[in-house]
Structure formats: C-alpha cells, structure tokens
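Note sheet for the following structure.
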Amino acid sequence: MTSYIKFTPISGAKNEDALCYLLEIDEVKILLDCGWSDKFDVEDLATLKKVAKQIDALLISHCDLPHLGAYPYARSQLGMTCPVYSTVPVVNMGKMCMYDLHQSKINEMEFDTFTLEHVDEAFDKITSLRYSQPYALPGKCQGITITAYAAAHTIGGTIWKIKQDTDEIVYAVDFNHRRESHLDGTVLHSNGNVLDALTRPSLLITDALNAAVVHPPRKERNSAMFDTMMTTLRAGGSVLLPTDSSARVLELSYLLDKHWTDNQLNYPLIMLTNTSYHTAHFAKSMLEWMGDELTQHFSQTRENPFDFKYLRLCHKLEDLDVYTGPKVVIASNNSLETGFARDLFLRWMGEERPITHNTLLLTERSAPGSLARHLYDAWNDANANETNSRIIKPAIDYKEELHLTVYKRVPLEGEELAEFEAAQREKAERDAAQAAMIARSKTIMEEDELSDESDMDEADDTMEDLLGDQFDLYVRDAGRSGGFFKQAQSYRMFPYLERRKRIDDYGESIQVEHYMKASDLDRLQLEKGSEGEGANFAKEEDMAIDAVEPLLPGKDEKPMKYITTEQDVEIQCKLRYVDLEGLSDGRSMKTILPQIAPRKLIIIHGSVRPTDELAQACRNMDHFTKEIFAPSIGQVLNVSAATNIYRVKLTDAMVSSLRFSKLDDYELARVSGRIHFPTDSTTPSLDVDTSEQPSKWEPSVFVGDIRLSEFKRILQAEGISAEFKGEGVLVCNDCVAVRKTGTGQLLVEGLLSPDYYKIRSLLYAQHAIL
C-alpha cells in the first residue's frame with residue numbers, strides 16, 4: 001500500500017501573491033491556506049473556483065489576509081463545504097482581520113463581495129486545535145492525521161504535519177525561529193535543534209519569501225524604529241505605521257507601549273483600526289498562546305501586558321481630533337491600499353499635510369503592486385549604495401507626485417437628498433402596507449383559533465386552586481396591533497433591569513480587586529498615580545473594553561454617497577523601512593533546512609530570484625536531498641514516496657522462529673520465509689522456509705534514528721568528551737568523528753583504538769540490529 005501524493009500551487013508560487021495550494025493524498029484533496037489580496041478581485045480566484053467543491057479539508061496556518069482572506073467568499077459563493085482546521089487564535093484574530101477589511105471597504109465604496117454574515121458563518125465552521133494535538137480526519141479523509149505546531153510570526157501561527165501510513169508531509173510557511181516581544185520562536189528550530197517530530201519528513205513544503213534577506217540584530221532594528229520616531233516627534237511631526245489589524249499589530253503595539261512606559265513619554269500613542277477594542281480584548285484572553293517570558297511576567301505580577309498603559313484604542317478617524325500635536329499612529333492596512341492607513345497617508349503626507357514633515361515608517365514590504373511596496377522600492381533604491389545588509393539603512397526625504405485613486409464618502413445634498421428621501425418614503429409606505437396586511441391576516445387566524453378552542457377549554461379548577469397559583473400579568477399596549485405571538489413586545493411585565501456580566505472565552509470575567517489585599521490595592525493606586533501625567537491624554541474609561549459591545553462602529557444613518565476620483569497627489573514625507581515582519585531570514589533558513597533533512601523539498605511563495613537562489617543553495621549542500629522542486633502556478637507535481645506496505649499473516653511456526661530486538665517501546669525482528677495463499681482466506685500467509693536450499697546471506701540492518709545531540713549526552717555520561725565542530729560533526733576525545741549524512745546514515749571515522757571501538761559499541765547500542 002503506497003500513498004499517491006500530488007501538489008498543485010493555486011496561488012503564491014514564484015511570486016508573492018496570497019498563499020493557496022492543493023495537496024492530494026490518494027483520493028483526498030486538502031487545501032493548504034486560502035488567501036486573497038485586499039483588492040478582493042474575484043478573478044484572482046478563478047482557479048480556486050474550479051476545485052472548491054471538491055476540497056475535503058482546509059488547513060489555515062496564519063490569521064492574516066494572505067492566508068485566509070478568500071475563505072469566507074469560498075464558503076459562501078464557491079460552494080466550499082469541507083471541514084476547516086486552525087488554532088483558536090487564528091479563528092479569533094482571523095475574524096477580526098476580515099471584519100476590519102470589510103469595514104474599510106464599506107467606508108470607500110459599495111462593497112458586496114462578501115458580508116459580515118458570511119464571515120461569521122465561515123468562522124463558526126472552523127474546528128479549533130491546540131498545538132501538538134494529533135487529530136484524525138473523519139469521513140473520506142480517514143487514515144490521515146494532522147498535527148499543528150507553533151510557527152511563531154503571528155499568534156496561533158501553525159506549521160502543519162500531515163501523516164498517512166509512512167508518509168509525513170510538513171507544511172511550514174512564514175515561520176520565525178527567533179523569539180520576539182510577545183511570541184517565542186517556532187518549535188521547528190528551538191534552542192538550535194529541530195523538533196524530533198518534524199525531522200526527516202517525506203516531503204517539506206516551505207517558502208522563499210525571505211530567502212534573499214539578511215536581518216540585522218533585532219535590538220538594532222527596534223532602536224532604529226524608536227530613533228526615527230523620536231526625531232520626528234521632537235521636530236513637531238507625526239509618525240504613521242501601517243500594519244495589519246490582527247497579527248503583527250500585537251507585536252508593534254506591545255513593543256511601543258512598553259517603550260512609552262519605560263521612558264515616560266508624553267506623545268499620544270494610538271492604535272487606529274475598525275476592531276481595535278476587540279483585538280486588544282482577544283489578545284488579553286489568549287496569553288497562553290504567547291511567549292513564556294510574557295506569561296511568566298503575568299503570573300508573577302498579575303499585570304496583563306495588553307492592558308495598555310499609554311496606547312489608546314480608536315476605531316474612527318474622527319477620534320484622532322482629540323489628540324492634538326505630534327503623535328504616533330498604528331493604523332490598518334499595511335498595503336496602504338485601503339483603510340485608515342491610506343486615509344492618514346493622504347492627509348499627513350499628501351497635499352493636506354501641515355508644514356512640518358511627518359514620517360511614514362514601514363515595518364513590512366507588503367505585496368507587489370501595492371502603494372506600500374512602491375514606497376519600499378523607492379526607499380530601497382535611494383539606499384542602493386549601502387551594500388552591507390547587516391546595517392539598517394537610514395530614512396530618506398521622499399518627494400514624488402503619485403497618481404492615486406482617492407475614495408470619499410460624503411453626505412447627500414440638494415436634489416440627490418430629496419430623491420433619496422422620496423425613495424425611502426415610498427419604501428416605508430410599501431413595507432407598512434405589507435406589514436398591516438400580514439397583521440390583519442394573523443389577527444383573523446388567531447381569533448378563529450380562539451373561537452374554536454373556547455368550547456374545549458372548560459374550567460375544572462376550583463376557586464381555591466386558582467387563588468393558590470401565581471400568574472404573570474400581561475398588559476396589552478393599545479397602540480400596537482397583532483396577536484400575542486406576532487408582537488412579543490406589546491405585553492409588558494413589571495420593569496426589571498438585568499445587569500449584564502462581562503464574559504470572556506473562559507466564562508464570567510473575574511474582578512481582580514475583589515481578591516486582593518487592602519495593602520496591594522493601596523500599592524497599585526500609588527503606582528498608578530506615579531506613572532506620569534503625560535500619558536493621561538484621554539479619559540481612563542475610554543480604555544475599558546466591553547466584550548458585549550458591537551464589533552464594529554454603528555452604521556451612520558445619514559444618507560451618503562461614494563465619490564471615486566483619479567488624482568495626481570504630491571507626496572512629501574520622511575520615509576524609512578525597518579524590518580519587523582517577524583520571519584526567518586535567508587541565512588537562517590539555509591541553516592535550518594539541512595537539520596530538517598527532508599526526503600523531498602518543495603519551495604513556494606517567493607519571487608523568482610529568491611526561489612531559484614534557495615533551490616540552488618539546497619542543491620549545493622552536501623548530504624542534502626536532490627529532489628528539490630520549485631513549481632509554477634498550476635503545475636502539478638507527483639511527489640509520491642516509493643514505500644510499499646503489505647499485510648500478511650504469520651504462522652505459529654514463523655512466530656516461534658523469530659528473534660526480537662527491543663528498540664524503545666517496540667520489538668523488531670527480521671523475517672525470512674515463503675508466502676502462500678490459503679484457500680479459506682484472502683490474506684496471504686508467511687511460513688518458515690522448509691526447502692533444503694541454503695539461505696542467502698543478508699547484511700545486518702540497523703533500525704533507529706538517534707540525534708547526535710542525544711548521542712553526545714550518552715558519550716559524556718560514559719566519561720568521553722564530545723563537542724560539535726564544523727557543520728554537525730561530533731568529535732569524541734579528539735580522535736573519533738561521528739557525523740550524519742543527508743540520507744540519515746551515521747558515519748564513524750577515526751584511528752582504530754579502544755576509544756573507537758567503545759564509541760562504536762555505544763552507537764550500536766542505540767539501534768536494533770536485525
């Protein structure tokens with residue numbers, strides 16, 4: 001039995017488009033991610049439309065638009081009905097991402113590609129998994145097990161392991177092995193070692209997005225960002241940081257709030273997204289998915305890191321008018337094609353800009369073709385003379401006339417307003433007439449039912465029984481019409497105002513103050529009063545997040561219209577890019593991939609040059625697989641593994657003749673016999689070979705896979721010094737070298753000596769020899 005595996009890129013191969021790939025295992029079709037761009041062009045999904053109804057399972061790896069943007073549309077419009085799997089944060093934050101983008105589009109144009117109801121219905125169908133939780137797929141996918149592992153980059157970001165029989169497929173895109181402020185590094189490469197469960201997969205699918213990038217140290221990048229901000233603020237300008245609304249925004253907001261707190265800065269610090277309140281609320285309730293350092297700090301101090309002390313949350317552009325003077329604003333969306341970030345970019349850097357120079361600080365390159373990518377390319381070209389990739393390039397004075405599409409939403413006036421009001425009146429009259437007709441019909445039906453039942457409802461109860469019972473008293477509202485079931489609000493009970501309790505994902509929210517000592521409460525009040533007056537530029541109650549408030553601001557009831565114009569806008573600002581994408585760079589990837597040692601490798605999601613460079617670098621590695629693929633869009637790859645499994649029945653004589661060797665929890669034996677097919681069974685039997693022909697000699701087989709890091713500890717426990725030198729070579733007592741080849745073979749090299757034989761014996765003892 002062997003699995004037939006095919007891989008087809010639907011989007012995001014040899015380019016930086018959204019990610020979407022079709023993986024076929026025998027008859028099962030699994031979709032890996034389902035991304036889209038913020039243009040929401042339906043033509044981009046033409047290929048997905050052809051296969052959407054045939055998909056048996058969808059795995060989502062991150063909570064941002066390039067990984068899940070097309071999912072609500074595919075679910076509601078393309079006929080996708082398959083089970084969907086992701087982690088809990090991807091569900092919560094992914095919904096916030098789609099809510100924010102939908103509202104951003106509504107603020108610009110008549111947008112009906114998908115609705116918020118489509119988003120809710122789609123995300124309600126997702127099955128949430130925890131990290132390292134094996135999950136057996138049901139139905140047609142029976143026999144396939146999926147497991148989620150931490151990828152970092154975004155909260156809940158996932159590396160997927162898909163297993164069927166002996167085939168193991170690892171889908172690892174957009175991972176980060178370095179620890180950040182709010183997330184630990186990926187388990188794929190933790191503390192210099194690759195997780196055992198992810199080593200030697202049959203197939204590794206990874207991306208080349210950052211293959212040509214080399215990161216300066218993280219502290220230097222953070223310092224460069226803070227220095228640029230402070231220079232602008234002290235000069236009287238404001239700083240705009242475009243970002244997403246649910247993923248990387250958490251790293252930026254936590255980083256900046258901590259910097260403001262440590263330095264007691266007085267400048268307003270604002271997060272401006274359509275869902276800023278609920279994004280912060282979800283972040284506070286998902287600390288267990290974040291880094292160990294963050295959770296330990298919370299355990300010790302009971303201070304939630306996303307209870308921001310300086311960062312203010314806004315969800316309307318008008319909210320910024322409260323904060324005068326220089327300010328820092330984190331706004332969505334990172335492409336600058338839509339959302340508050342584009343509005344502020346035109347207001348602060350366009351023709352409406354003040355005399356002072358404001359700064360646009362990019363933290364992501366964004367997708368090719370977007371405004372943010374155009375500005376990044378301009379900044380990069382201006383710093384082309386700086387060839388040292390380890391040095392952070394400086395800010396530039398950017399001045400250029402750009403041809404942009406400007407979206408405006410303005411109230412109706414004059415004849416347009418009169419026509420709109422007349423149409424609304426006609427619609428209201430039609431609705432009222434229809435409602436009155438339905439109400440009359442229901443009243444007649446109810447009266448008929450009451451008259452039919454009056455003969456049957458004879459009172460058998462005594463007066464004492466009636467007086468002993470209690471009944472709710474309903475008072476009919478004469479101003480309303482309709483039956484009891486038609487107008488539930490027409491019947492009023494004694495007024496009672498129920499106090500609504502705040503709840504989170506774990507139930508009713510706990511008021512920490514109720515469980516604290518009086519001395520601790522006094523200490524907190526003193527600390528609160530000494531935190532610096534400069535941060536309190538907004539009311540404290542504005543920071544409170546109500547989990548039951550609407551996710552999006554209320555709809556403006558004023559009649560509005562959309563105006564779209566093409567304009568040449570002169571842009572002038574300070575411009576700088578500081579890499580805070582939270583992805584492993586090319587040099588790290590070339591170190592990690594040999595340690596994973598896949599049998600086959602597929603490289604996706606990267607422009608042509610980085611993809612080809614990473615593929616060539618892997619081909620040049622010693623002891624690394626040569627089966628490396630870099631497919632184009634629509635290209636079908638057959639990556640089936642040459643593994644065969646047969647089911648046979650062992651006879652009693654065969655079982656008695658076996659000599660078992662123990663390996664971990666397993667007992668293994670080498671079998672040699674003859675197969676015959678019984679007449680009473682479809683399963684072949686394996687029996688001892690009774691022929692007089694001499695058996696053919698077979699070399700011993702070593703079963704097991706020990707890591708060199710584990711073998712090093714075993715050697716040291718036996719009193720043998722062992723250190724890694726070079727690329728994965730374990731040198732023992734300075735006279736014997738042990739190394740592992742790309743095919744998984746272990747080589748022991750050195751002079752024949754007592755040390756050599758002792759080390760070899762210890763190595764043999766870690767295997768089952770058959």
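Convention: chains lettered A, B, ... in structure tokens order; per-chain residue numbering from 1; ligands numbered from 1 as shown.
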
Pick out each residue of region 121-299 of chain A that DSSP on the backbone tags as strand (DSSP E); I need them as a PyMOL selection string. chain A and resi 126-129+135-136+144-150+158-164+167-172+203-207+239-243+269-272

Just the residues within 6 Å of region 164-169 of chain A, please, counting only C-alpha atoms, with nothing from its chain fewer than 5 positions along; format it as a tab-separated table (two decimals) with all heavy atoms, in the first residue's frame.
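Generated file (selection33.tsv):
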chain	number	residue	atom	x	y	z
A	144	ILE	N	-5.82	9.72	7.70
A	144	ILE	CA	-4.89	10.86	7.67
A	144	ILE	C	-4.97	11.57	9.02
A	144	ILE	O	-6.05	11.86	9.53
A	144	ILE	CB	-5.24	11.83	6.53
A	144	ILE	CG1	-5.09	11.14	5.18
A	144	ILE	CG2	-4.36	13.08	6.60
A	144	ILE	CD1	-5.50	12.00	4.01
A	201	PRO	N	10.98	14.39	7.23
A	201	PRO	CA	9.66	14.13	6.63
A	201	PRO	C	9.81	13.63	5.20
A	201	PRO	O	10.82	13.87	4.54
A	201	PRO	CB	8.99	15.51	6.67
A	201	PRO	CG	10.14	16.47	6.58
A	201	PRO	CD	11.27	15.83	7.34
A	202	SER	N	8.79	12.95	4.72
A	202	SER	CA	8.80	12.52	3.33
A	202	SER	C	8.80	13.71	2.39
A	202	SER	O	9.43	13.67	1.32
A	202	SER	CB	7.57	11.64	3.04
A	202	SER	OG	7.47	10.59	3.95
A	203	LEU	N	8.12	14.78	2.80
A	203	LEU	CA	8.01	15.98	1.96
A	203	LEU	C	7.94	17.21	2.85
A	203	LEU	O	7.16	17.24	3.81
A	203	LEU	CB	6.75	15.89	1.08
A	203	LEU	CG	6.40	17.13	0.24
A	203	LEU	CD1	7.48	17.41	-0.79
A	203	LEU	CD2	5.05	16.96	-0.42
A	204	LEU	N	8.74	18.21	2.54
A	204	LEU	CA	8.70	19.51	3.23
A	204	LEU	C	8.28	20.56	2.22
A	204	LEU	O	8.88	20.68	1.15
A	204	LEU	CB	10.06	19.85	3.83
A	204	LEU	CG	10.20	21.27	4.42
A	204	LEU	CD1	9.27	21.44	5.63
A	204	LEU	CD2	11.64	21.57	4.82

Those of region 663-731 of chain A in DSSP alpha helix (DSSP H), formatted as a PDB file with N, CA and C atoms, in the first residue's frame:
ATOM      1  N   LEU A 708      22.422  13.344  17.055  1.00  0.00           N
ATOM      2  CA  LEU A 708      23.802  13.497  17.529  1.00  0.00           C
ATOM      3  C   LEU A 708      23.843  14.228  18.872  1.00  0.00           C
ATOM      4  N   SER A 709      22.889  15.155  19.088  1.00  0.00           N
ATOM      5  CA  SER A 709      22.858  15.865  20.378  1.00  0.00           C
ATOM      6  C   SER A 709      22.560  14.888  21.530  1.00  0.00           C
ATOM      7  N   GLU A 710      21.682  13.895  21.270  1.00  0.00           N
ATOM      8  CA  GLU A 710      21.407  12.885  22.294  1.00  0.00           C
ATOM      9  C   GLU A 710      22.611  11.965  22.492  1.00  0.00           C
ATOM     10  N   PHE A 711      23.257  11.600  21.375  1.00  0.00           N
ATOM     11  CA  PHE A 711      24.426  10.724  21.466  1.00  0.00           C
ATOM     12  C   PHE A 711      25.563  11.415  22.220  1.00  0.00           C
ATOM     13  N   LYS A 712      25.645  12.732  22.086  1.00  0.00           N
ATOM     14  CA  LYS A 712      26.661  13.492  22.813  1.00  0.00           C
ATOM     15  C   LYS A 712      26.468  13.342  24.320  1.00  0.00           C
ATOM     16  N   ARG A 713      25.216  13.415  24.789  1.00  0.00           N
ATOM     17  CA  ARG A 713      24.954  13.257  26.216  1.00  0.00           C
ATOM     18  C   ARG A 713      25.289  11.840  26.690  1.00  0.00           C
ATOM     19  N   ILE A 714      25.015  10.853  25.846  1.00  0.00           N
ATOM     20  CA  ILE A 714      25.339   9.467  26.199  1.00  0.00           C
ATOM     21  C   ILE A 714      26.846   9.290  26.347  1.00  0.00           C
ATOM     22  N   LEU A 715      27.618   9.867  25.425  1.00  0.00           N
ATOM     23  CA  LEU A 715      29.074   9.765  25.484  1.00  0.00           C
ATOM     24  C   LEU A 715      29.618  10.439  26.732  1.00  0.00           C
ATOM     25  N   GLN A 716      29.087  11.621  27.036  1.00  0.00           N
ATOM     26  CA  GLN A 716      29.570  12.352  28.215  1.00  0.00           C
ATOM     27  C   GLN A 716      29.236  11.602  29.499  1.00  0.00           C
ATOM     28  N   ALA A 717      28.092  10.899  29.510  1.00  0.00           N
ATOM     29  CA  ALA A 717      27.748  10.091  30.679  1.00  0.00           C
ATOM     30  C   ALA A 717      28.708   8.926  30.853  1.00  0.00           C
TER      31      ALA A 717
END

Of the residues A:Val249, A:Leu31, A:Leu614, A:Leu593, which is the one nearest to Cys63 (chain A), using only C-alpha atoms?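 For Cys63 (chain A), the nearest of the given residues is A:Val249.
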
Return as CSV the residues of region 604-654 of chain A lying at most 12 Å from region 34-47 of chain A, together with the closest atom-to-atom pair for each and the distance in Å to one decimal, counting only C-alpha atoms, with rows in chain order and ascending residue number.
residue,atom,partner,partner_atom,distance
A:His605,CA,A:Gly35,CA,11.9
A:Ile633,CA,A:Thr47,CA,9.7
A:Gly634,CA,A:Thr47,CA,8.4

Go ahead and save the residues from that selection, with C-alpha atoms, as a CSV table (one decimal), in the first residue's frame.
chain,number,residue,atom,x,y,z
A,605,HIS,CA,5.8,31.7,-2.2
A,633,ILE,CA,1.2,28.3,-10.7
A,634,GLY,CA,-1.0,25.4,-11.9

With only C-alpha atoms as the counted atoms, please give the residues lying no more than 9 Å from Gly143 (chain A), apart from itself and same-chain residues fewer than 2 positions off, as an mmCIF file with C-alpha atoms, in the first residue's frame.
data_model
loop_
_atom_site.group_PDB
_atom_site.id
_atom_site.type_symbol
_atom_site.label_atom_id
_atom_site.label_comp_id
_atom_site.auth_asym_id
_atom_site.auth_seq_id
_atom_site.Cartn_x
_atom_site.Cartn_y
_atom_site.Cartn_z
ATOM 1 C CA ALA A 136 -7.565 12.056 12.907
ATOM 2 C CA LEU A 137 -9.534 13.440 9.967
ATOM 3 C CA PRO A 138 -13.022 11.939 9.617
ATOM 4 C CA LYS A 140 -13.303 10.462 3.309
ATOM 5 C CA CYS A 141 -10.037 11.610 4.940
ATOM 6 C CA THR A 145 -3.721 12.562 10.890
ATOM 7 C CA LYS A 163 0.618 11.935 8.128
ATOM 8 C CA GLN A 164 -0.756 8.881 6.383
ATOM 9 C CA ASP A 165 0.874 5.496 6.971
#

Near region 256-266 of chain A, 7 Å: region 304-334 of chain A residue rows, closest pairs, only C-alpha atoms, as a tab-separated table:
residue	atom	partner	partner_atom	distance
A:Phe308	CA	A:Asp257	CA	6.5
A:Lys309	CA	A:Asp257	CA	6.9
A:Tyr310	CA	A:Asp257	CA	5.8
A:Leu311	CA	A:Asp257	CA	5.7

For the selection you just gave me, I'd like the residues written to a file as an mmCIF file, in the first residue's frame, keeping N, CA, C and O atoms.
data_model
loop_
_atom_site.group_PDB
_atom_site.id
_atom_site.type_symbol
_atom_site.label_atom_id
_atom_site.label_comp_id
_atom_site.auth_asym_id
_atom_site.auth_seq_id
_atom_site.Cartn_x
_atom_site.Cartn_y
_atom_site.Cartn_z
ATOM 1 N N PHE A 308 -2.999 48.085 28.075
ATOM 2 C CA PHE A 308 -2.051 49.127 27.678
ATOM 3 C C PHE A 308 -2.113 50.320 28.628
ATOM 4 O O PHE A 308 -3.193 50.775 29.013
ATOM 5 N N LYS A 309 -0.942 50.834 28.976
ATOM 6 C CA LYS A 309 -0.858 51.989 29.866
ATOM 7 C C LYS A 309 -0.823 53.299 29.082
ATOM 8 O O LYS A 309 -1.319 54.322 29.547
ATOM 9 N N TYR A 310 -0.225 53.288 27.907
ATOM 10 C CA TYR A 310 -0.084 54.504 27.116
ATOM 11 C C TYR A 310 -0.806 54.430 25.776
ATOM 12 O O TYR A 310 -1.218 55.456 25.246
ATOM 13 N N LEU A 311 -0.923 53.249 25.222
ATOM 14 C CA LEU A 311 -1.558 53.095 23.911
ATOM 15 C C LEU A 311 -3.060 53.314 24.026
ATOM 16 O O LEU A 311 -3.725 52.708 24.870
#

Using only C-alpha atoms, the shortest atom-to-atom distance to Asn222 (chain A) among A:Ile392, A:Leu195, A:Ile126, A:Ala378 belongs to A:Ile392

Which residue is closest to Leu346 (chain A)? Choose from A:Glu723, A:Glu180, A:Glu318, A:Glu570 and count only C-alpha atoms.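 Ranked by minimum distance to Leu346 (chain A), first place goes to A:Glu570.
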
Pick from A:Leu637, A:Arg576, A:Gln77, A:Pro89, whichever lies nearest to Lys600 (chain A) using only C-alpha atoms: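 Nearest to Lys600 (chain A): A:Leu637.
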
Take CA of Gln296 (chain A) and CA of Arg179 (chain A) and report the distance between them in Å, one decimal.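 Computed distance, CA of Gln296 (chain A) to CA of Arg179 (chain A), equals 14.9 Å.
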
So, with only C-alpha atoms as the atoms that count, which of A:Gly606, A:Gly582, A:Gly69, A:Gly291 lies closest to Thr154 (chain A)?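 Residue with the minimum atom-to-atom distance to Thr154 (chain A): A:Gly582.
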
Write out as a ChimeraX atom specification the residues lying within 8 Å of Gln766 (chain A), counting only C-alpha atoms and excluding same-chain residues fewer than 2 positions away. /A:663,704,706,762-764,768

Store the residues picked out above, limited to C-alpha atoms, as an mmCIF file, in the first residue's frame.
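Final output, saved to out_11.cif:
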data_model
loop_
_atom_site.group_PDB
_atom_site.id
_atom_site.type_symbol
_atom_site.label_atom_id
_atom_site.label_comp_id
_atom_site.auth_asym_id
_atom_site.auth_seq_id
_atom_site.Cartn_x
_atom_site.Cartn_y
_atom_site.Cartn_z
ATOM 1 C CA LEU A 663 14.006 -0.527 20.396
ATOM 2 C CA GLY A 704 16.592 3.513 14.707
ATOM 3 C CA ILE A 706 19.377 8.812 17.115
ATOM 4 C CA LEU A 762 27.723 2.756 22.279
ATOM 5 C CA LEU A 763 26.365 3.805 18.892
ATOM 6 C CA TYR A 764 25.330 0.232 18.070
ATOM 7 C CA ALA A 768 18.026 -2.530 16.956
#

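CA of Ile592 (chain A) is positioned 23.4 Å from CA of Ile391 (chain A).
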
Nearby residues (only C-alpha atoms) at most 12 Å from Ser700 (chain A), same-chain spacing under 3 positions excluded, as a PyMOL selection string: chain A and resi 669-670+697+703+764+767-770

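For the pair CA of Ser76 (chain A) and CA of Thr564 (chain A), the interatomic distance is 28.3 Å.
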
Show me, as an mmCIF file with N, CA, C and O atoms, in the first residue's frame, the residues that have an atom within 9 Å of Glu613 (chain A) when counting only C-alpha atoms, minus same-chain residues fewer than 6 positions from it.
data_model
loop_
_atom_site.group_PDB
_atom_site.id
_atom_site.type_symbol
_atom_site.label_atom_id
_atom_site.label_comp_id
_atom_site.auth_asym_id
_atom_site.auth_seq_id
_atom_site.Cartn_x
_atom_site.Cartn_y
_atom_site.Cartn_z
ATOM 1 N N ALA A 208 10.028 30.825 0.140
ATOM 2 C CA ALA A 208 11.288 31.524 -0.128
ATOM 3 C C ALA A 208 11.103 33.037 -0.050
ATOM 4 O O ALA A 208 11.879 33.787 -0.651
ATOM 5 N N ALA A 211 14.212 34.529 1.422
ATOM 6 C CA ALA A 211 15.439 33.801 1.111
ATOM 7 C C ALA A 211 16.598 34.721 0.759
ATOM 8 O O ALA A 211 17.764 34.371 0.975
ATOM 9 N N ALA A 212 16.311 35.919 0.232
ATOM 10 C CA ALA A 212 17.372 36.843 -0.166
ATOM 11 C C ALA A 212 17.595 37.951 0.862
ATOM 12 O O ALA A 212 18.318 38.914 0.606
#
